[in-house]
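Reviewing the structure listed below.
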Amino acid sequence: MAEIRQNEEINGRYVLKQSKGRGTFGEVWLAHDLATDEDVAIKFYVALDHKGREEFIQEFRIAAKLRHPNLLVTKDFGEWHGHPYLTMKFCDQGSAADLIGTLSPCTTDEMTIWRFVRDVASGLAYLHSVKPDPIVHQDIKPDNTLIDSDGTFLITDFGISKRIRSTMRKQSERALKAGAPAYMGPERFSNHPEPILASDIWSLGVSIYELAEGELPFCGMGGGMMLKGAEMPSLNEGWSRSLSEVMQWCLEEKTWNRAKACQVQEVAETVLKSGNMTSVTSLISRMRNGAQPESPNDETKKRDPHATKPNIDDRDGQNDHTAYDEGKTEGFVQRKKLLYAVMAAFILIIAIAVAWFSYSQVRTPQSTTNNDTVHTVTTMKDSLAITKAENEKPTEAPALPKTVTPKEPKSKDVMVKNTDAKDEHSYNGTLSLGYATWRGGIRNGKPDGEGTMTFKSTHRIDTRDPSRRTAEADDRVDGTYSNGHLVEGRWFKSDGTTEYIMLGE
């Protein structure tokens, strides 16, 4: 970008005043907007070909519609000498990266990190809930979090899809050598590194560690080290246990075990409002067991946090073919334990009643008016005592009732129609979904666990698939499902080819 120089006039509107640094895909300048007579930040991206520039501008035309207090929204976008550019509010407080190495384990500095966690998680919760297709940021790190004049942390560089990032990497030698892998989760180092919402959460966990410790975890090698057996990092003494716990929750190796953005936001807000971090451990434990945040922020609705399509439009519709309710029922585990306790007590009562009835039928003689016979009935503890007269005639005990042995079912598979009834029982069986048949683990009437999905008609592989892949009749997917959605598996197509799919949870 040698042609971008100080005092350069951009498209007759912006005059470049000072370079503010270079990033993975371009460089940022402080500029003066002649039209509004105010200073702005202008970011130039790597030069792209005509098709790449058109795609870039189209994506940011959509992203410019996003509004949230923790997003640094775009004011203007365009192209100059082959370089796409964006203009945005100029934040004279710098970025969160300027805090690295300056924070120490004291109350004031820890509260600064908690504000960073809350603001970034809040912005991500909004991006992850965009309809109809959530946005994966893909590059969360302190460098991409600017600080507003009032201390609010603002996420920048959002809305750039995987396709555009790939195009820019091909045309930028710097991008290929950038240190972004340090913030990439283990799933990004697999044979199929598909970015998912949980990947943003892992990057947030790395950022927490970096702000607190002044260096990157895993020696800057990223989540690939976890795949090689590296231990979960923890914060040094002085930092609270709560901060270390929320960081570790973000850094879980398995995507389905990680926190959701809205959960991290609630934990951080709890700390900042109350100043009491002793309750955070129990709050995290409840959330891990299925409890949902009490209320999302005012601009966010509860959405499936695993959807991965990194594009949006201005429609407000729902995803097609939504087969199942989203999310887990709050307090599911607690109610399940209570249900088991009630069932056990009921079974115990029935067993005692049946035993008493059978015992009384065997030992209690028929009633008689013979004055020579006296019957004395005592408690169960003393058993049944019978006092007989001298001339009592022996009587025959009544025949025992016949025991009926239930017949074994002919098959362990159970056909279940897709229904709104909530069955909290888990089992292996066969589930008819209309467009496909599932054979494998079932929980709450949804595919959950390992098994095989055989399609009966043309249908999306999964509503959260960013590539919107569609299966044909007789196609099948052998893999793992969670709460009715595909986590990973191999797609066996009717044309004889196969494809590995990893969506995560």
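Residues are referred to by chain and number: the chain letter is A, B, ... according to the order shown in the structure tokens, the number counts from 1 in that chain, and ligands are numbered separately from 1 in the order shown.
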Surrounding residues of stretch 87-94 of chain A excluding itself and chain neighbours under 2 positions, 7 Å, only C-alpha atoms, as a list in words:
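Residues meeting the cut-off are Asp39, Val40, Ala41, Ile42, Lys43, Leu72, Val73, Thr74, Lys75, Asp76, Phe77, Tyr85, Asp98, Leu146, Ile147, Asp148 and Ser149 of chain A.
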Next, the residues of the selection above should be written as a PDB file, in the first residue's frame with C-alpha atoms.
ATOM      1  CA  ASP A  39     -12.081  13.307  12.239  1.00  0.00           C
ATOM      2  CA  VAL A  40     -12.782   9.678  11.377  1.00  0.00           C
ATOM      3  CA  ALA A  41     -10.880   6.408  11.200  1.00  0.00           C
ATOM      4  CA  ILE A  42     -10.494   4.980   7.731  1.00  0.00           C
ATOM      5  CA  LYS A  43      -9.325   1.428   7.162  1.00  0.00           C
ATOM      6  CA  LEU A  72     -17.999  -0.040  15.910  1.00  0.00           C
ATOM      7  CA  VAL A  73     -20.411   0.421  13.023  1.00  0.00           C
ATOM      8  CA  THR A  74     -19.409   1.543   9.551  1.00  0.00           C
ATOM      9  CA  LYS A  75     -20.106   5.177   8.594  1.00  0.00           C
ATOM     10  CA  ASP A  76     -19.115   4.901   4.935  1.00  0.00           C
ATOM     11  CA  PHE A  77     -17.502   2.406   2.583  1.00  0.00           C
ATOM     12  CA  TYR A  85     -12.094   0.983   2.535  1.00  0.00           C
ATOM     13  CA  ASP A  98      -2.699  -1.271  24.387  1.00  0.00           C
ATOM     14  CA  LEU A 146     -11.279  -0.431  20.282  1.00  0.00           C
ATOM     15  CA  ILE A 147     -11.900   1.732  23.354  1.00  0.00           C
ATOM     16  CA  ASP A 148     -14.428   4.571  23.137  1.00  0.00           C
ATOM     17  CA  SER A 149     -13.986   7.857  25.000  1.00  0.00           C
TER      18      SER A 149
END
Out of stretch 2-157 of chain A, which residues get helix (DSSP H, G or I) from DSSP, as a PDB file with C-alpha atoms, in the first residue's frame?
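Output saved as result-v5.pdb:
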ATOM      1  CA  HIS A  50     -12.949  -6.442  -9.501  1.00  0.00           C
ATOM      2  CA  LYS A  51     -15.011  -9.425  -8.344  1.00  0.00           C
ATOM      3  CA  GLY A  52     -13.456  -9.344  -4.875  1.00  0.00           C
ATOM      4  CA  ARG A  53     -14.157  -5.611  -4.488  1.00  0.00           C
ATOM      5  CA  GLU A  54     -17.779  -6.057  -5.516  1.00  0.00           C
ATOM      6  CA  GLU A  55     -18.266  -8.882  -3.000  1.00  0.00           C
ATOM      7  CA  PHE A  56     -16.560  -6.863  -0.263  1.00  0.00           C
ATOM      8  CA  ILE A  57     -18.736  -3.778  -0.790  1.00  0.00           C
ATOM      9  CA  GLN A  58     -21.876  -5.908  -0.994  1.00  0.00           C
ATOM     10  CA  GLU A  59     -21.141  -7.584   2.332  1.00  0.00           C
ATOM     11  CA  PHE A  60     -20.492  -4.304   4.112  1.00  0.00           C
ATOM     12  CA  ARG A  61     -23.605  -2.774   2.619  1.00  0.00           C
ATOM     13  CA  ILE A  62     -25.420  -5.439   4.634  1.00  0.00           C
ATOM     14  CA  ALA A  63     -23.204  -5.217   7.745  1.00  0.00           C
ATOM     15  CA  ALA A  96      -7.577  -3.257  24.099  1.00  0.00           C
ATOM     16  CA  ALA A  97      -4.194  -4.389  22.775  1.00  0.00           C
ATOM     17  CA  ASP A  98      -2.699  -1.271  24.387  1.00  0.00           C
ATOM     18  CA  LEU A  99      -3.649  -2.727  27.794  1.00  0.00           C
ATOM     19  CA  THR A 107      -9.373  -5.083  41.936  1.00  0.00           C
ATOM     20  CA  THR A 108      -9.270  -2.052  39.614  1.00  0.00           C
ATOM     21  CA  ASP A 109      -7.480  -3.849  36.767  1.00  0.00           C
ATOM     22  CA  GLU A 110      -9.587  -6.990  37.147  1.00  0.00           C
ATOM     23  CA  MET A 111     -12.768  -4.910  36.824  1.00  0.00           C
ATOM     24  CA  THR A 112     -11.301  -3.492  33.579  1.00  0.00           C
ATOM     25  CA  ILE A 113     -10.956  -7.044  32.230  1.00  0.00           C
ATOM     26  CA  TRP A 114     -14.520  -7.876  33.345  1.00  0.00           C
ATOM     27  CA  ARG A 115     -15.791  -4.816  31.423  1.00  0.00           C
ATOM     28  CA  PHE A 116     -13.866  -6.029  28.377  1.00  0.00           C
ATOM     29  CA  VAL A 117     -15.439  -9.498  28.779  1.00  0.00           C
ATOM     30  CA  ARG A 118     -18.960  -8.086  29.190  1.00  0.00           C
ATOM     31  CA  ASP A 119     -18.726  -5.682  26.229  1.00  0.00           C
ATOM     32  CA  VAL A 120     -17.176  -8.165  23.802  1.00  0.00           C
ATOM     33  CA  ALA A 121     -19.572 -10.952  24.861  1.00  0.00           C
ATOM     34  CA  SER A 122     -22.522  -8.570  24.466  1.00  0.00           C
ATOM     35  CA  GLY A 123     -21.446  -7.620  20.937  1.00  0.00           C
ATOM     36  CA  LEU A 124     -20.891 -11.271  20.038  1.00  0.00           C
ATOM     37  CA  ALA A 125     -24.295 -12.262  21.465  1.00  0.00           C
ATOM     38  CA  TYR A 126     -25.835  -9.728  19.073  1.00  0.00           C
ATOM     39  CA  LEU A 127     -23.834 -10.908  16.053  1.00  0.00           C
ATOM     40  CA  PRO A 142      -7.609  -7.241  21.605  1.00  0.00           C
ATOM     41  CA  ASP A 143      -6.361  -5.584  18.396  1.00  0.00           C
ATOM     42  CA  ASN A 144      -9.882  -5.698  16.987  1.00  0.00           C
TER      43      ASN A 144
END
Quick one: everything within 8 Å of A:Tyr500, counting only C-alpha atoms, minus sequence neighbours fewer than 2 positions away in the same chain. Send it as a PDB file with C-alpha atoms, in the first residue's frame.
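Output contents, as saved in selection-v5.pdb:
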ATOM      1  CA  HIS A 192     -12.083 -29.249   7.848  1.00  0.00           C
ATOM      2  CA  GLU A 488     -20.052 -33.858  12.794  1.00  0.00           C
ATOM      3  CA  GLY A 489     -20.315 -36.814  10.469  1.00  0.00           C
ATOM      4  CA  ARG A 490     -19.738 -38.273   7.021  1.00  0.00           C
ATOM      5  CA  TRP A 491     -22.283 -37.634   4.276  1.00  0.00           C
ATOM      6  CA  THR A 498     -18.745 -38.842   0.396  1.00  0.00           C
ATOM      7  CA  MET A 502     -18.113 -30.582  10.923  1.00  0.00           C
TER       8      MET A 502
END
Tell me which of A:Ile196, A:Leu235, A:Leu243, A:Ile352 sits closest to A:Asn276, counting only C-alpha atoms.
A:Leu243
Skipping near chain neighbours, those fewer than 6 positions away, what residues fall within 9 Å of A:Thr270 using only C-alpha atoms, listed as a PDB file with all heavy atoms, in the first residue's frame?
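The new file result15.pdb reads:
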ATOM      1  N   ASN A 276     -19.535  -9.061  43.684  1.00  0.00           N
ATOM      2  CA  ASN A 276     -19.357 -10.310  44.433  1.00  0.00           C
ATOM      3  C   ASN A 276     -19.062 -11.438  43.458  1.00  0.00           C
ATOM      4  O   ASN A 276     -19.911 -11.807  42.655  1.00  0.00           O
ATOM      5  CB  ASN A 276     -20.625 -10.617  45.233  1.00  0.00           C
ATOM      6  CG  ASN A 276     -20.506 -11.903  46.032  1.00  0.00           C
ATOM      7  OD1 ASN A 276     -19.423 -12.465  46.149  1.00  0.00           O
ATOM      8  ND2 ASN A 276     -21.619 -12.352  46.573  1.00  0.00           N
ATOM      9  N   MET A 277     -17.857 -11.977  43.538  1.00  0.00           N
ATOM     10  CA  MET A 277     -17.460 -13.022  42.596  1.00  0.00           C
ATOM     11  C   MET A 277     -17.597 -14.423  43.168  1.00  0.00           C
ATOM     12  O   MET A 277     -17.326 -15.402  42.490  1.00  0.00           O
ATOM     13  CB  MET A 277     -16.021 -12.774  42.130  1.00  0.00           C
ATOM     14  CG  MET A 277     -15.908 -11.561  41.217  1.00  0.00           C
ATOM     15  SD  MET A 277     -14.215 -11.176  40.752  1.00  0.00           S
ATOM     16  CE  MET A 277     -13.614 -10.390  42.235  1.00  0.00           C
ATOM     17  N   SER A 279     -20.319 -15.933  43.913  1.00  0.00           N
ATOM     18  CA  SER A 279     -21.483 -16.628  43.360  1.00  0.00           C
ATOM     19  C   SER A 279     -21.287 -17.044  41.911  1.00  0.00           C
ATOM     20  O   SER A 279     -22.130 -17.745  41.351  1.00  0.00           O
ATOM     21  CB  SER A 279     -22.718 -15.725  43.464  1.00  0.00           C
ATOM     22  OG  SER A 279     -22.537 -14.540  42.701  1.00  0.00           O
ATOM     23  N   VAL A 280     -20.193 -16.601  41.298  1.00  0.00           N
ATOM     24  CA  VAL A 280     -19.992 -16.889  39.878  1.00  0.00           C
ATOM     25  C   VAL A 280     -19.787 -18.387  39.640  1.00  0.00           C
ATOM     26  O   VAL A 280     -20.269 -18.936  38.655  1.00  0.00           O
ATOM     27  CB  VAL A 280     -18.799 -16.081  39.328  1.00  0.00           C
ATOM     28  CG1 VAL A 280     -18.444 -16.528  37.915  1.00  0.00           C
ATOM     29  CG2 VAL A 280     -19.137 -14.598  39.342  1.00  0.00           C
TER      30      VAL A 280
END
Name all residues at most 8 Å from A:Gly479 (count only C-alpha atoms; drop same-chain ones fewer than 2 positions away) and give them as a VMD selection string.
chain A and resid 450 to 452 477 481 486 to 490
Kindly give the distance, in Å, that separates atom CA of A:Lys273 and atom CA of A:Glu237, rounded to a single decimal.
23.6 Å
Skip A:Arg188 itself and residues of its chain fewer than 3 positions away, then list as an NGL selection string all residues within 12 Å of it, counting only C-alpha atoms.
:A and (138 or 180-185 or 191-200 or 202-203 or 222-227 or 253-255 or 502-504)
File of the preceding selection, C-alpha atoms, as a compact mmCIF listing (two decimals), in the first residue's frame:
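To be explicit, this is the file written out as selection.txt:
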# COMPACT_ATOMS: atom_id res chain seq x y z
CA GLN A 138 -13.67 -15.07 13.02
CA ALA A 180 -4.19 -14.87 13.99
CA PRO A 181 -3.74 -18.66 14.60
CA ALA A 182 -2.90 -17.84 18.23
CA TYR A 183 -6.60 -17.00 18.70
CA MET A 184 -7.97 -20.01 16.79
CA GLY A 185 -9.67 -22.86 18.62
CA ASN A 191 -8.89 -31.24 8.31
CA HIS A 192 -12.08 -29.25 7.85
CA PRO A 193 -11.55 -25.95 9.72
CA GLU A 194 -15.06 -24.56 9.40
CA PRO A 195 -15.50 -21.39 11.54
CA ILE A 196 -18.47 -21.61 13.93
CA LEU A 197 -19.90 -19.42 16.66
CA ALA A 198 -18.01 -21.35 19.33
CA SER A 199 -14.76 -20.33 17.60
CA ASP A 200 -15.40 -16.69 18.57
CA TRP A 202 -12.45 -19.56 22.19
CA SER A 203 -10.82 -16.38 20.83
CA GLY A 222 -3.38 -21.63 19.41
CA GLY A 223 -5.82 -24.47 19.91
CA GLY A 224 -3.69 -26.87 17.93
CA MET A 225 -1.71 -27.41 21.13
CA MET A 226 -4.82 -28.76 22.85
CA LEU A 227 -5.14 -31.40 20.16
CA GLU A 253 -11.60 -28.13 23.67
CA LYS A 254 -15.00 -29.50 22.61
CA THR A 255 -17.13 -26.79 21.01
CA MET A 502 -18.11 -30.58 10.92
CA LEU A 503 -20.56 -28.02 12.26
CA GLY A 504 -19.86 -28.22 15.98
If you count only C-alpha atoms, which residues fall within 10 Å of A:Gln248, apart from same-chain ones fewer than 4 positions away, as a CSV table (one decimal) with C-alpha atoms, in the first residue's frame?
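Produced file around-v4.csv, reproduced below:
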chain,number,residue,atom,x,y,z
A,202,TRP,CA,-12.4,-19.6,22.2
A,205,GLY,CA,-10.9,-16.9,26.2
A,206,VAL,CA,-7.5,-16.3,24.7
A,208,ILE,CA,-8.9,-12.8,28.6
A,209,TYR,CA,-5.6,-14.7,29.3
A,232,MET,CA,-5.9,-26.1,30.1
A,233,PRO,CA,-4.2,-22.8,31.2
A,234,SER,CA,-5.1,-21.0,34.4
A,235,LEU,CA,-4.5,-17.5,35.6
A,242,SER,CA,-14.1,-16.5,38.9
A,243,LEU,CA,-12.1,-14.8,36.1
A,244,SER,CA,-10.0,-18.0,35.6
A,252,GLU,CA,-13.0,-25.8,26.4
A,253,GLU,CA,-11.6,-28.1,23.7
A,258,ARG,CA,-18.0,-24.0,25.6
A,259,ALA,CA,-19.9,-21.1,27.0
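Residue nearest A:Ser129 within the list A:Leu30, A:Leu251, A:His81, A:Ala261: A:Ala261 [criterion: smallest interatomic distance, only C-alpha atoms].
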Please indicate the distance in Å from atom CA of A:Asn444 to atom CA of A:Thr480, rounded to one decimal place.
15.9 Å
